[in-house]
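Here's the structure, in structure tokens; my notes come after.
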Amino acid sequence: MGRWSYSSRLTIEECKTITAKFLNKHHYFDGGVRSGGMNWSRNGEKTGSISFMVSTVEGDEYIRFQYTQTDRNTNEKTELDYQTRLVWTPCHFGGHRWWFTCPIMVNGCVCGHRVGSLHIGRGKYFGCRHCYNLTYESSKESHKFDRLFLKMGVSPKMANKLFK
Ligand SMILES: [Zn+2]
């Protein structure tokens, strides 16, 4: 904790993120079982892709993720295939609003947080921002540090590497 704590925290912008908003916009919640995929890129470079299946069948609402995760240190590849429950809440103007539940295990229990977005942080699995202790790049605090590092002649990227 303290002055370097920001460098040890990932920002949401550094993570692979999937949002219920995206799925809604692309009609994955419109009924039955639908499958699709998603790609991520950062600075024009592809950083990952996943396949998923969305079921809004009553009593069996889930999203299933399938992807390969490469360990940044060992380059070891892991095939992942798991699902997490979807839940909905009624909207004021009728219809449903869909949410993910966080599938991350914390102390032997599933987190289960109802969230609008899931992220792959430092683990292999999608989880909520609480589980991965994520912060927003745009937060005032990180910009304060950015300026401090720039004054020292250190770019925020370098600072991240130095103080990991
Ligand atoms: Zn969680």
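Letters for chains follow the order of the structure tokens (A, B, ...), residue numbers begin at 1 for each chain, and ligand numbers begin at 1 in the order shown.
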Point to revise | 12 Å contact set for A:Glu58, only C-alpha atoms, chain neighbours under 6 positions out, as a PyMOL selection string | key: chain A and resi 29+31-33+85-88
Practice item. Please extract the residues at most 10 Å from ligand 1, counting only C-alpha atoms and all ligand atoms, and provide them as an NGL selection string, using the chain letters and residue numbers of this document. Key: :A and (101-106 or 110-115 or 118-119 or 126-133)
Would you save the residues from that selection as a PDB file, in the first residue's frame, using C-alpha atoms?
```pdb
ATOM      1  CA  THR A 101     -22.653 -13.429 -11.754  1.00  0.00           C
ATOM      2  CA  CYS A 102     -18.956 -13.534 -10.929  1.00  0.00           C
ATOM      3  CA  PRO A 103     -17.662 -17.141 -11.097  1.00  0.00           C
ATOM      4  CA  ILE A 104     -14.415 -16.561  -9.184  1.00  0.00           C
ATOM      5  CA  MET A 105     -13.820 -18.760  -6.136  1.00  0.00           C
ATOM      6  CA  VAL A 106     -12.938 -16.798  -3.017  1.00  0.00           C
ATOM      7  CA  VAL A 110     -18.130 -18.600  -5.504  1.00  0.00           C
ATOM      8  CA  CYS A 111     -18.083 -14.799  -5.406  1.00  0.00           C
ATOM      9  CA  GLY A 112     -21.474 -14.575  -7.153  1.00  0.00           C
ATOM     10  CA  HIS A 113     -21.450 -10.770  -7.359  1.00  0.00           C
ATOM     11  CA  ARG A 114     -24.106  -9.511  -9.798  1.00  0.00           C
ATOM     12  CA  VAL A 115     -22.204  -7.370 -12.299  1.00  0.00           C
ATOM     13  CA  LEU A 118     -16.552  -9.295 -16.247  1.00  0.00           C
ATOM     14  CA  HIS A 119     -12.808  -8.995 -16.706  1.00  0.00           C
ATOM     15  CA  PHE A 126     -13.484 -13.875 -15.932  1.00  0.00           C
ATOM     16  CA  GLY A 127     -14.250 -12.171 -12.654  1.00  0.00           C
ATOM     17  CA  CYS A 128     -15.734  -8.998 -11.253  1.00  0.00           C
ATOM     18  CA  ARG A 129     -13.590  -5.955 -10.621  1.00  0.00           C
ATOM     19  CA  HIS A 130     -13.758  -6.534  -6.874  1.00  0.00           C
ATOM     20  CA  CYS A 131     -12.191  -9.985  -7.197  1.00  0.00           C
ATOM     21  CA  TYR A 132      -9.374  -8.641  -9.365  1.00  0.00           C
ATOM     22  CA  ASN A 133      -9.045  -5.420  -7.354  1.00  0.00           C
TER      23      ASN A 133
END
```
Exercise for review: Based on DSSP run over this structure's backbone, return all residues of stretch 32-162 of chain A in strand (DSSP E), as a PyMOL selection string.
Suggested key: chain A and resi 33-42+45-57+60-70+77-90+96-101+105-106+109-110+114-115+117-120+126-127
Practice item. Quick one: pull the distance between atom CA of A:Phe65 and atom CA of A:Thr135, Å, one decimal. Key: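 Going from atom CA of A:Phe65 over to atom CA of A:Thr135 covers 23.9 Å.
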Practice item. Using DSSP on the backbone coordinates, identify the residues of stretch 5-164 of chain A assigned to helix (DSSP H, G or I); present them as an NGL selection string. Key: :A and (5-8 or 12-14 or 20-25 or 140-151 or 156-162)
Residues from last step as file, N, CA, C and O atoms, as a compact mmCIF listing (two decimals), in the first residue's frame:
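In the end it all went to selection_33.txt:
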```
# COMPACT_ATOMS: atom_id res chain seq x y z
N SER A 5 1.09 1.81 -4.63
CA SER A 5 0.03 0.81 -4.72
C SER A 5 -0.63 0.81 -6.11
O SER A 5 -1.02 -0.22 -6.60
N TYR A 6 -0.69 1.96 -6.75
CA TYR A 6 -1.38 2.01 -8.04
C TYR A 6 -0.67 1.17 -9.09
O TYR A 6 -1.30 0.56 -9.93
N SER A 7 0.66 1.08 -8.99
CA SER A 7 1.40 0.34 -10.01
C SER A 7 1.17 -1.17 -9.89
O SER A 7 1.36 -1.89 -10.85
N SER A 8 0.76 -1.64 -8.72
CA SER A 8 0.53 -3.07 -8.57
C SER A 8 -0.90 -3.45 -8.91
O SER A 8 -1.24 -4.61 -8.95
N ILE A 12 -8.88 -1.39 -15.42
CA ILE A 12 -9.90 -2.06 -16.21
C ILE A 12 -9.53 -2.02 -17.69
O ILE A 12 -9.74 -2.98 -18.42
N GLU A 13 -8.90 -0.92 -18.11
CA GLU A 13 -8.52 -0.78 -19.52
C GLU A 13 -7.44 -1.78 -19.93
O GLU A 13 -7.28 -2.05 -21.11
N GLU A 14 -6.70 -2.32 -18.98
CA GLU A 14 -5.65 -3.30 -19.30
C GLU A 14 -6.19 -4.72 -19.41
O GLU A 14 -5.48 -5.63 -19.77
N ALA A 20 -22.43 -6.94 -20.33
CA ALA A 20 -23.81 -7.33 -20.62
C ALA A 20 -24.40 -6.38 -21.66
O ALA A 20 -25.22 -6.77 -22.48
N LYS A 21 -23.95 -5.14 -21.64
CA LYS A 21 -24.39 -4.13 -22.59
C LYS A 21 -24.07 -4.55 -24.03
O LYS A 21 -24.88 -4.44 -24.93
N PHE A 22 -22.84 -5.04 -24.22
CA PHE A 22 -22.39 -5.53 -25.52
C PHE A 22 -23.28 -6.69 -25.99
O PHE A 22 -23.73 -6.72 -27.13
N LEU A 23 -23.53 -7.63 -25.08
CA LEU A 23 -24.32 -8.81 -25.43
C LEU A 23 -25.76 -8.41 -25.76
O LEU A 23 -26.37 -8.95 -26.68
N ASN A 24 -26.26 -7.44 -25.01
CA ASN A 24 -27.62 -6.96 -25.23
C ASN A 24 -27.72 -6.29 -26.61
O ASN A 24 -28.64 -6.56 -27.38
N LYS A 25 -26.75 -5.45 -26.90
CA LYS A 25 -26.71 -4.70 -28.16
C LYS A 25 -26.67 -5.65 -29.36
O LYS A 25 -27.22 -5.36 -30.41
N LYS A 140 -8.83 9.82 -10.88
CA LYS A 140 -8.01 10.98 -10.56
C LYS A 140 -6.67 10.55 -9.96
O LYS A 140 -5.64 11.11 -10.26
N GLU A 141 -6.72 9.52 -9.14
CA GLU A 141 -5.52 9.09 -8.42
C GLU A 141 -4.41 8.67 -9.39
O GLU A 141 -3.28 9.10 -9.26
N SER A 142 -4.77 7.85 -10.40
CA SER A 142 -3.73 7.35 -11.27
C SER A 142 -3.12 8.50 -12.08
O SER A 142 -1.93 8.50 -12.35
N HIS A 143 -3.95 9.49 -12.42
CA HIS A 143 -3.40 10.64 -13.16
C HIS A 143 -2.46 11.48 -12.31
O HIS A 143 -1.49 12.02 -12.81
N LYS A 144 -2.78 11.54 -11.05
CA LYS A 144 -1.91 12.25 -10.12
C LYS A 144 -0.52 11.60 -10.15
O LYS A 144 0.50 12.28 -10.24
N PHE A 145 -0.51 10.26 -10.12
CA PHE A 145 0.77 9.54 -10.15
C PHE A 145 1.45 9.69 -11.50
O PHE A 145 2.66 9.83 -11.57
N ASP A 146 0.65 9.66 -12.57
CA ASP A 146 1.22 9.84 -13.91
C ASP A 146 2.05 11.12 -13.95
O ASP A 146 3.17 11.14 -14.44
N ARG A 147 1.47 12.20 -13.43
CA ARG A 147 2.15 13.49 -13.46
C ARG A 147 3.42 13.45 -12.62
O ARG A 147 4.45 13.96 -13.02
N LEU A 148 3.34 12.78 -11.48
CA LEU A 148 4.49 12.66 -10.59
C LEU A 148 5.63 11.93 -11.31
O LEU A 148 6.77 12.38 -11.30
N PHE A 149 5.28 10.81 -11.98
CA PHE A 149 6.30 10.04 -12.68
C PHE A 149 6.88 10.83 -13.85
O PHE A 149 8.07 10.78 -14.10
N LEU A 150 6.01 11.57 -14.54
CA LEU A 150 6.50 12.35 -15.68
C LEU A 150 7.48 13.41 -15.22
O LEU A 150 8.48 13.67 -15.88
N LYS A 151 7.20 13.99 -14.06
CA LYS A 151 8.11 14.97 -13.48
C LYS A 151 9.47 14.35 -13.21
O LYS A 151 10.50 14.98 -13.33
N PRO A 156 4.49 6.47 -17.24
CA PRO A 156 3.68 5.57 -16.41
C PRO A 156 3.93 4.11 -16.73
O PRO A 156 3.90 3.26 -15.84
N LYS A 157 4.22 3.81 -17.99
CA LYS A 157 4.49 2.43 -18.40
C LYS A 157 5.77 1.92 -17.74
O LYS A 157 5.83 0.82 -17.21
N MET A 158 6.79 2.75 -17.77
CA MET A 158 8.06 2.39 -17.14
C MET A 158 7.89 2.24 -15.63
O MET A 158 8.44 1.32 -15.02
N ALA A 159 7.10 3.14 -15.06
CA ALA A 159 6.87 3.11 -13.63
C ALA A 159 6.23 1.78 -13.24
O ALA A 159 6.61 1.16 -12.24
N ASN A 160 5.31 1.32 -14.07
CA ASN A 160 4.65 0.06 -13.84
C ASN A 160 5.66 -1.08 -13.77
O ASN A 160 5.58 -1.95 -12.92
N LYS A 161 6.60 -1.06 -14.70
CA LYS A 161 7.62 -2.12 -14.77
C LYS A 161 8.55 -2.03 -13.57
O LYS A 161 8.87 -3.04 -12.95
N LEU A 162 8.96 -0.82 -13.27
CA LEU A 162 9.94 -0.61 -12.19
C LEU A 162 9.42 -1.03 -10.83
O LEU A 162 10.15 -1.55 -10.02
```
Revision key, fill the gap. Between A:Arg9, A:Arg72, A:His26, A:Lys16, smallest distance to A:Ser49 by only C-alpha atoms belongs to A:Lys16
Review point. Of the residues A:Phe93, A:Val54, A:Gly44, A:Trp99, which is the one nearest to A:Gly116, using only C-alpha atoms?
Key: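 Answer, going by the shortest atom-to-atom distance: A:Trp99.
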Study note, to complete from the structure: Between atom CA of A:Thr84 and atom CA of A:Phe100 lies a distance of 7.3 Å
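Considering the residues A:Trp40, A:Gln83, A:Asn107, A:Gly94 and counting only C-alpha atoms, A:Met53 has its shortest atom-to-atom contact with A:Gln83.
Among the candidates A:Thr11, A:Arg122, A:Asn43, A:Cys109, the residue lying nearest to A:Asn73 is A:Arg122 (atoms considered: only C-alpha atoms).
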**Study point:** Shell around A:Arg34 at 9 Å using only C-alpha atoms, local window under 6 positions removed, as a list in words
**Key:** His27, Tyr28, Phe52, Met53, Val54, Ser55 and Thr56 of chain A
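Distances to A:Tyr125 were evaluated for A:Tyr82, A:Val57, A:Leu10, A:Asp30 using only C-alpha atoms, and the minimum falls at A:Tyr82.
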